[in-house]
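Asker: Right, I'll just put the structure down here and ask away after.
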Amino acid sequence: MLFQIKSYLQFLWHSKNEHAVHSPFVFTLLTRCFYDKKSKPEYTILREYRNSLLANNNTIEVTDFGAGSKVFKSNSRVIAKIAKTAGISPKRAELLFRITNYFQPDSILEIGTSLGLATSALALGNLKAQIITLEGCPETARQAQLQFKKFNFNTICSEITEFSTYLQTESLKPKTHNLIYFDGNHSKKATLDYFEVLLPTITNETLWIFDDIHWSPEMEQAWEIIKNHPKVTVTIDTFQWGLVFFRREQPKEHFVIRTYKK
């Protein structure tokens with residue numbers, strides 16, 4: 001916890017808003033997407049999806065293949081508590097919706113479904129997008145699948161699999177995903193392994209979003225390595241997320257950006 005507090009204070013010190021950004025691409029992204037304060041009808045659906053989970057007091061047995069939880073001490077967890085503490089926050093879900101809606105990716109990969117709170121934002125962002133979401137825990141994935149059915153999210157393909165196994169198979173026949181949301185194993189090795197194995201799938205329009213880049217010293221190290229990769233041109237550090245672009249026409253620049261305006 002102390003590490004994250006220190007990291008956040010450093011983030012606040014270095015972070016900027018659109019007025020300090022001289023890249024037209026990033027400036028437009030911030031003004032038209034990040035800082036869009038207009039209410040959207042999709043936000044109501046996101047709230048309904050979340051409230052449905054918050055009202056679910058059933059207990060499931062969670063299989064955790066990742067870096068573990070800083071909240072839960074047991075693998076027996078109440079669904080409502082998972083949704084409240086481990087899922088994407090309401091504001092982040094709305095931002096993820098706006099990002100997806102802004103870029104309109106037609107193929108999306110999510111690594112780490114959990115209960116599908118982020119998946120629902122991705123699906124609402126582009127109703128025509130084909131979404132593959134990966135979850136290692138069968139019980140958690142089953143709850144997400146029930147939610148997808150309940151809310152008629154018919155473009156989501158939910159795969160119960162270990163991430164590395166799935167991605168190694170995919171690497172034999174690389175498929176382009178315009179947007180990849182990395183929210184699975186928050187360890188340095190796993191993050192960099194996913195990064196390397198998926199690099200052959202990138203195009204000039206690809207966007208990758210890494211969750212929890214300041215979760216631990218290891219994750220910060222992984223983020224620095226990703227930023228410095230020669231194929232990466234533009235990155236945006238929002239503290240919670242690291243956005244990665246591979247746009248060849250852009251000069252290499254790294255931005256530390258607040259997702260709210262003072």
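Ligands are numbered from 1 in the order shown, residues from 1 within each chain, and chains are lettered A, B, ... in the order they appear in the structure tokens.
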Tell me, which residues of segment 13-251 of chain A carry DSSP strand (DSSP E), written as a PDB file with N, CA and C atoms, in the first residue's frame?
Answerer:
```
ATOM      1  N   THR A  59     -21.610 -17.288  -2.992  1.00  0.00           N
ATOM      2  CA  THR A  59     -20.166 -17.482  -2.824  1.00  0.00           C
ATOM      3  C   THR A  59     -19.647 -18.434  -3.883  1.00  0.00           C
ATOM      4  N   ILE A  60     -18.504 -18.094  -4.459  1.00  0.00           N
ATOM      5  CA  ILE A  60     -17.863 -18.993  -5.420  1.00  0.00           C
ATOM      6  C   ILE A  60     -16.430 -19.275  -4.968  1.00  0.00           C
ATOM      7  N   GLU A  61     -15.875 -20.356  -5.482  1.00  0.00           N
ATOM      8  CA  GLU A  61     -14.495 -20.730  -5.197  1.00  0.00           C
ATOM      9  C   GLU A  61     -13.630 -20.246  -6.352  1.00  0.00           C
ATOM     10  N   SER A  76     -12.542 -18.535  -1.297  1.00  0.00           N
ATOM     11  CA  SER A  76     -14.005 -18.524  -1.228  1.00  0.00           C
ATOM     12  C   SER A  76     -14.455 -17.069  -1.124  1.00  0.00           C
ATOM     13  N   ARG A  77     -15.104 -16.581  -2.169  1.00  0.00           N
ATOM     14  CA  ARG A  77     -15.403 -15.148  -2.236  1.00  0.00           C
ATOM     15  C   ARG A  77     -16.851 -14.899  -2.636  1.00  0.00           C
ATOM     16  N   VAL A  78     -17.448 -13.887  -2.015  1.00  0.00           N
ATOM     17  CA  VAL A  78     -18.814 -13.490  -2.343  1.00  0.00           C
ATOM     18  C   VAL A  78     -18.779 -12.659  -3.624  1.00  0.00           C
ATOM     19  N   SER A 107     -12.228  -5.853 -33.597  1.00  0.00           N
ATOM     20  CA  SER A 107     -11.799  -7.100 -32.962  1.00  0.00           C
ATOM     21  C   SER A 107     -11.088  -6.766 -31.650  1.00  0.00           C
ATOM     22  N   ILE A 108     -11.592  -7.312 -30.545  1.00  0.00           N
ATOM     23  CA  ILE A 108     -11.081  -6.987 -29.212  1.00  0.00           C
ATOM     24  C   ILE A 108     -10.713  -8.270 -28.482  1.00  0.00           C
ATOM     25  N   LEU A 109      -9.557  -8.236 -27.812  1.00  0.00           N
ATOM     26  CA  LEU A 109      -9.147  -9.339 -26.934  1.00  0.00           C
ATOM     27  C   LEU A 109      -9.000  -8.789 -25.528  1.00  0.00           C
ATOM     28  N   GLU A 110      -9.618  -9.478 -24.570  1.00  0.00           N
ATOM     29  CA  GLU A 110      -9.475  -9.109 -23.163  1.00  0.00           C
ATOM     30  C   GLU A 110      -8.808 -10.262 -22.425  1.00  0.00           C
ATOM     31  N   ILE A 111      -7.724  -9.958 -21.753  1.00  0.00           N
ATOM     32  CA  ILE A 111      -7.011 -10.989 -20.985  1.00  0.00           C
ATOM     33  C   ILE A 111      -7.356 -10.781 -19.511  1.00  0.00           C
ATOM     34  N   GLN A 130     -16.224  -7.979 -32.473  1.00  0.00           N
ATOM     35  CA  GLN A 130     -16.104  -9.354 -31.999  1.00  0.00           C
ATOM     36  C   GLN A 130     -15.120  -9.363 -30.831  1.00  0.00           C
ATOM     37  N   ILE A 131     -15.567  -9.851 -29.682  1.00  0.00           N
ATOM     38  CA  ILE A 131     -14.762  -9.800 -28.463  1.00  0.00           C
ATOM     39  C   ILE A 131     -14.443 -11.206 -27.993  1.00  0.00           C
ATOM     40  N   ILE A 132     -13.175 -11.458 -27.770  1.00  0.00           N
ATOM     41  CA  ILE A 132     -12.744 -12.694 -27.112  1.00  0.00           C
ATOM     42  C   ILE A 132     -12.235 -12.302 -25.741  1.00  0.00           C
ATOM     43  N   THR A 133     -12.795 -12.902 -24.704  1.00  0.00           N
ATOM     44  CA  THR A 133     -12.338 -12.597 -23.344  1.00  0.00           C
ATOM     45  C   THR A 133     -11.890 -13.879 -22.668  1.00  0.00           C
ATOM     46  N   LEU A 134     -10.721 -13.828 -22.044  1.00  0.00           N
ATOM     47  CA  LEU A 134     -10.084 -15.009 -21.448  1.00  0.00           C
ATOM     48  C   LEU A 134     -10.157 -14.949 -19.929  1.00  0.00           C
ATOM     49  N   GLU A 135     -10.535 -16.069 -19.318  1.00  0.00           N
ATOM     50  CA  GLU A 135     -10.572 -16.159 -17.862  1.00  0.00           C
ATOM     51  C   GLU A 135     -10.105 -17.543 -17.441  1.00  0.00           C
ATOM     52  N   ILE A 156     -19.743 -11.489 -27.545  1.00  0.00           N
ATOM     53  CA  ILE A 156     -18.634 -11.862 -26.658  1.00  0.00           C
ATOM     54  C   ILE A 156     -18.435 -13.380 -26.677  1.00  0.00           C
ATOM     55  N   CYS A 157     -17.203 -13.781 -26.983  1.00  0.00           N
ATOM     56  CA  CYS A 157     -16.817 -15.193 -26.885  1.00  0.00           C
ATOM     57  C   CYS A 157     -15.981 -15.355 -25.618  1.00  0.00           C
ATOM     58  N   SER A 158     -16.542 -16.074 -24.643  1.00  0.00           N
ATOM     59  CA  SER A 158     -15.876 -16.251 -23.355  1.00  0.00           C
ATOM     60  C   SER A 158     -15.116 -17.573 -23.342  1.00  0.00           C
ATOM     61  N   GLU A 159     -13.796 -17.478 -23.160  1.00  0.00           N
ATOM     62  CA  GLU A 159     -12.927 -18.666 -23.156  1.00  0.00           C
ATOM     63  C   GLU A 159     -12.397 -18.914 -21.743  1.00  0.00           C
ATOM     64  N   ILE A 160     -12.597 -20.133 -21.236  1.00  0.00           N
ATOM     65  CA  ILE A 160     -12.020 -20.524 -19.948  1.00  0.00           C
ATOM     66  C   ILE A 160     -10.698 -21.224 -20.235  1.00  0.00           C
ATOM     67  N   LEU A 179      -7.855  -3.838 -30.468  1.00  0.00           N
ATOM     68  CA  LEU A 179      -7.714  -3.404 -29.077  1.00  0.00           C
ATOM     69  C   LEU A 179      -7.503  -4.636 -28.204  1.00  0.00           C
ATOM     70  N   ILE A 180      -6.493  -4.577 -27.352  1.00  0.00           N
ATOM     71  CA  ILE A 180      -6.272  -5.639 -26.363  1.00  0.00           C
ATOM     72  C   ILE A 180      -6.234  -5.002 -24.982  1.00  0.00           C
ATOM     73  N   TYR A 181      -7.042  -5.559 -24.084  1.00  0.00           N
ATOM     74  CA  TYR A 181      -7.109  -5.066 -22.702  1.00  0.00           C
ATOM     75  C   TYR A 181      -6.467  -6.119 -21.804  1.00  0.00           C
ATOM     76  N   PHE A 182      -5.319  -5.779 -21.230  1.00  0.00           N
ATOM     77  CA  PHE A 182      -4.538  -6.700 -20.405  1.00  0.00           C
ATOM     78  C   PHE A 182      -4.917  -6.507 -18.935  1.00  0.00           C
ATOM     79  N   LEU A 207      -4.336  -0.603 -30.420  1.00  0.00           N
ATOM     80  CA  LEU A 207      -4.231  -0.006 -29.078  1.00  0.00           C
ATOM     81  C   LEU A 207      -4.198  -1.131 -28.054  1.00  0.00           C
ATOM     82  N   TRP A 208      -3.202  -1.083 -27.179  1.00  0.00           N
ATOM     83  CA  TRP A 208      -3.141  -2.005 -26.050  1.00  0.00           C
ATOM     84  C   TRP A 208      -3.299  -1.210 -24.762  1.00  0.00           C
ATOM     85  N   ILE A 209      -4.094  -1.744 -23.841  1.00  0.00           N
ATOM     86  CA  ILE A 209      -4.292  -1.109 -22.538  1.00  0.00           C
ATOM     87  C   ILE A 209      -3.858  -2.088 -21.447  1.00  0.00           C
ATOM     88  N   PHE A 210      -2.858  -1.692 -20.680  1.00  0.00           N
ATOM     89  CA  PHE A 210      -2.362  -2.521 -19.577  1.00  0.00           C
ATOM     90  C   PHE A 210      -2.922  -1.981 -18.265  1.00  0.00           C
ATOM     91  N   ASP A 211      -3.580  -2.844 -17.504  1.00  0.00           N
ATOM     92  CA  ASP A 211      -4.152  -2.440 -16.223  1.00  0.00           C
ATOM     93  C   ASP A 211      -3.104  -2.561 -15.112  1.00  0.00           C
ATOM     94  N   VAL A 234       3.829   5.711 -28.991  1.00  0.00           N
ATOM     95  CA  VAL A 234       3.182   6.611 -28.038  1.00  0.00           C
ATOM     96  C   VAL A 234       2.633   5.814 -26.861  1.00  0.00           C
ATOM     97  N   THR A 235       2.885   6.295 -25.642  1.00  0.00           N
ATOM     98  CA  THR A 235       2.268   5.685 -24.463  1.00  0.00           C
ATOM     99  C   THR A 235       1.608   6.773 -23.627  1.00  0.00           C
ATOM    100  N   ILE A 236       0.539   6.387 -22.939  1.00  0.00           N
ATOM    101  CA  ILE A 236      -0.147   7.287 -22.012  1.00  0.00           C
ATOM    102  C   ILE A 236      -0.291   6.567 -20.677  1.00  0.00           C
ATOM    103  N   ASP A 237       0.304   7.122 -19.658  1.00  0.00           N
ATOM    104  CA  ASP A 237       0.217   6.603 -18.293  1.00  0.00           C
ATOM    105  C   ASP A 237      -0.892   7.368 -17.574  1.00  0.00           C
ATOM    106  N   TRP A 241      -3.935   2.749 -15.736  1.00  0.00           N
ATOM    107  CA  TRP A 241      -3.699   2.106 -17.026  1.00  0.00           C
ATOM    108  C   TRP A 241      -2.478   2.656 -17.716  1.00  0.00           C
ATOM    109  N   GLY A 242      -1.919   1.809 -18.583  1.00  0.00           N
ATOM    110  CA  GLY A 242      -0.930   2.255 -19.543  1.00  0.00           C
ATOM    111  C   GLY A 242      -1.452   1.978 -20.938  1.00  0.00           C
ATOM    112  N   LEU A 243      -1.661   3.031 -21.723  1.00  0.00           N
ATOM    113  CA  LEU A 243      -2.122   2.878 -23.098  1.00  0.00           C
ATOM    114  C   LEU A 243      -0.906   2.876 -24.021  1.00  0.00           C
ATOM    115  N   VAL A 244      -0.900   1.942 -24.967  1.00  0.00           N
ATOM    116  CA  VAL A 244       0.249   1.755 -25.852  1.00  0.00           C
ATOM    117  C   VAL A 244      -0.217   1.811 -27.303  1.00  0.00           C
ATOM    118  N   PHE A 245       0.446   2.665 -28.087  1.00  0.00           N
ATOM    119  CA  PHE A 245       0.145   2.802 -29.515  1.00  0.00           C
ATOM    120  C   PHE A 245       1.385   2.456 -30.335  1.00  0.00           C
TER     121      PHE A 245
END
```
Asker: I need the residues in segment 17-107 of chain A that are helix (DSSP H, G or I) according to DSSP; give them as an NGL selection string.
Answerer: :A and (18-20 or 24-34 or 41-54 or 79-85 or 90-103)
Asker: Atoms to include: C-alpha atoms. Write the selected residues as a PDB file, in the first residue's frame.
Answerer:
```
ATOM      1  CA  GLU A  18      -4.527  18.483 -22.553  1.00  0.00           C
ATOM      2  CA  HIS A  19      -3.060  21.999 -22.192  1.00  0.00           C
ATOM      3  CA  ALA A  20       0.453  20.598 -21.846  1.00  0.00           C
ATOM      4  CA  PRO A  24      -2.466  16.527 -32.127  1.00  0.00           C
ATOM      5  CA  PHE A  25      -3.298  12.815 -31.893  1.00  0.00           C
ATOM      6  CA  VAL A  26      -3.143  12.738 -28.078  1.00  0.00           C
ATOM      7  CA  PHE A  27      -4.718  16.200 -27.694  1.00  0.00           C
ATOM      8  CA  THR A  28      -7.755  15.126 -29.711  1.00  0.00           C
ATOM      9  CA  LEU A  29      -8.007  11.854 -27.777  1.00  0.00           C
ATOM     10  CA  LEU A  30      -8.045  13.754 -24.487  1.00  0.00           C
ATOM     11  CA  THR A  31     -10.492  16.477 -25.481  1.00  0.00           C
ATOM     12  CA  ARG A  32     -12.952  14.305 -27.408  1.00  0.00           C
ATOM     13  CA  CYS A  33     -12.750  11.113 -25.371  1.00  0.00           C
ATOM     14  CA  PHE A  34     -11.029  11.282 -21.975  1.00  0.00           C
ATOM     15  CA  PRO A  41     -27.277   6.020 -22.360  1.00  0.00           C
ATOM     16  CA  GLU A  42     -24.737   3.185 -22.158  1.00  0.00           C
ATOM     17  CA  TYR A  43     -23.698   4.363 -18.691  1.00  0.00           C
ATOM     18  CA  THR A  44     -27.122   3.255 -17.418  1.00  0.00           C
ATOM     19  CA  ILE A  45     -26.498  -0.257 -18.749  1.00  0.00           C
ATOM     20  CA  LEU A  46     -23.059  -0.315 -17.119  1.00  0.00           C
ATOM     21  CA  ARG A  47     -24.648   0.640 -13.788  1.00  0.00           C
ATOM     22  CA  GLU A  48     -27.350  -2.025 -14.166  1.00  0.00           C
ATOM     23  CA  TYR A  49     -24.702  -4.637 -14.949  1.00  0.00           C
ATOM     24  CA  ARG A  50     -22.725  -3.642 -11.845  1.00  0.00           C
ATOM     25  CA  ASN A  51     -25.796  -3.480  -9.603  1.00  0.00           C
ATOM     26  CA  SER A  52     -26.830  -6.943 -10.710  1.00  0.00           C
ATOM     27  CA  LEU A  53     -23.502  -8.273  -9.414  1.00  0.00           C
ATOM     28  CA  LEU A  54     -23.577  -6.161  -6.232  1.00  0.00           C
ATOM     29  CA  ILE A  79     -19.679 -12.328  -5.864  1.00  0.00           C
ATOM     30  CA  ALA A  80     -20.884  -8.928  -4.640  1.00  0.00           C
ATOM     31  CA  LYS A  81     -17.554  -8.329  -2.862  1.00  0.00           C
ATOM     32  CA  ILE A  82     -15.560  -9.298  -5.952  1.00  0.00           C
ATOM     33  CA  ALA A  83     -17.577  -6.808  -7.993  1.00  0.00           C
ATOM     34  CA  LYS A  84     -17.113  -4.102  -5.366  1.00  0.00           C
ATOM     35  CA  THR A  85     -13.395  -4.457  -4.710  1.00  0.00           C
ATOM     36  CA  PRO A  90     -17.617   2.785 -12.418  1.00  0.00           C
ATOM     37  CA  LYS A  91     -15.599   5.774 -13.684  1.00  0.00           C
ATOM     38  CA  ARG A  92     -13.012   3.518 -15.294  1.00  0.00           C
ATOM     39  CA  ALA A  93     -15.752   1.462 -16.964  1.00  0.00           C
ATOM     40  CA  GLU A  94     -17.190   4.654 -18.446  1.00  0.00           C
ATOM     41  CA  LEU A  95     -13.742   5.715 -19.681  1.00  0.00           C
ATOM     42  CA  LEU A  96     -13.129   2.275 -21.199  1.00  0.00           C
ATOM     43  CA  PHE A  97     -16.484   2.568 -22.960  1.00  0.00           C
ATOM     44  CA  ARG A  98     -15.515   6.001 -24.334  1.00  0.00           C
ATOM     45  CA  ILE A  99     -12.112   4.776 -25.533  1.00  0.00           C
ATOM     46  CA  THR A 100     -13.685   1.808 -27.308  1.00  0.00           C
ATOM     47  CA  ASN A 101     -16.411   4.017 -28.761  1.00  0.00           C
ATOM     48  CA  TYR A 102     -13.793   6.542 -29.926  1.00  0.00           C
ATOM     49  CA  PHE A 103     -11.528   4.076 -31.745  1.00  0.00           C
TER      50      PHE A 103
END
```
Asker: For Ala141 of chain A, work out the shell of residues within 7 Å, counting only C-alpha atoms and skipping chain neighbours fewer than 2 positions away, then give it as number ranges by chain.
Answerer: A: 113-115, 135, 137-139, 143-145, 160
Asker: Could you write out the selected residues, including C-alpha atoms, as a compact mmCIF listing (two decimals), in the first residue's frame?
Answerer:
```txt
# COMPACT_ATOMS: atom_id res chain seq x y z
CA THR A 113 -12.59 -11.40 -17.69
CA SER A 114 -13.28 -11.60 -13.94
CA LEU A 115 -17.02 -10.86 -13.68
CA GLU A 135 -10.57 -16.16 -17.86
CA CYS A 137 -11.11 -19.38 -13.19
CA PRO A 138 -14.08 -21.52 -14.28
CA GLU A 139 -16.43 -20.27 -11.53
CA GLN A 143 -20.76 -15.88 -13.53
CA ALA A 144 -19.60 -13.53 -16.30
CA GLN A 145 -21.21 -15.74 -18.94
CA ILE A 160 -12.02 -20.52 -19.95
```
Asker: Kindly give the distance, in Å, that separates atom CA of Asn56 of chain A and atom CA of Gln147 of chain A, rounded to a single decimal.
Answerer: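 Interatomic distance, atom CA of Asn56 of chain A to atom CA of Gln147 of chain A: 11.3 Å.
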Asker: Give me, as a PyMOL selection string, all polymer residues having an atom no more than 9 Å from Gln4 of chain A, counting only C-alpha atoms and skipping those fewer than 5 positions away in the same chain.
Answerer: chain A and resi 9+214-216
Asker: Extract, using only C-alpha atoms, all DNA, RNA and protein residues at most 12 Å from Tyr194 of chain A, discarding same-chain residues fewer than 2 positions from it, and format them as a VMD selection string.
Answerer: chain A and resid 109 to 111 162 to 168 170 to 171 180 to 192 196 to 201 208 210 222 226
Asker: Determine the nearest neighbour of Ile225 of chain A from the options A:Arg248, A:Asn57, A:Ile213, A:Arg258, counting only C-alpha atoms.
Answerer: A:Ile213
Asker: Given the choices A:Gln250, A:Thr119, A:Asn152, A:Gln104, which gets closest to His177 of chain A if the distance is worked out from only C-alpha atoms?
Answerer: A:Gln104
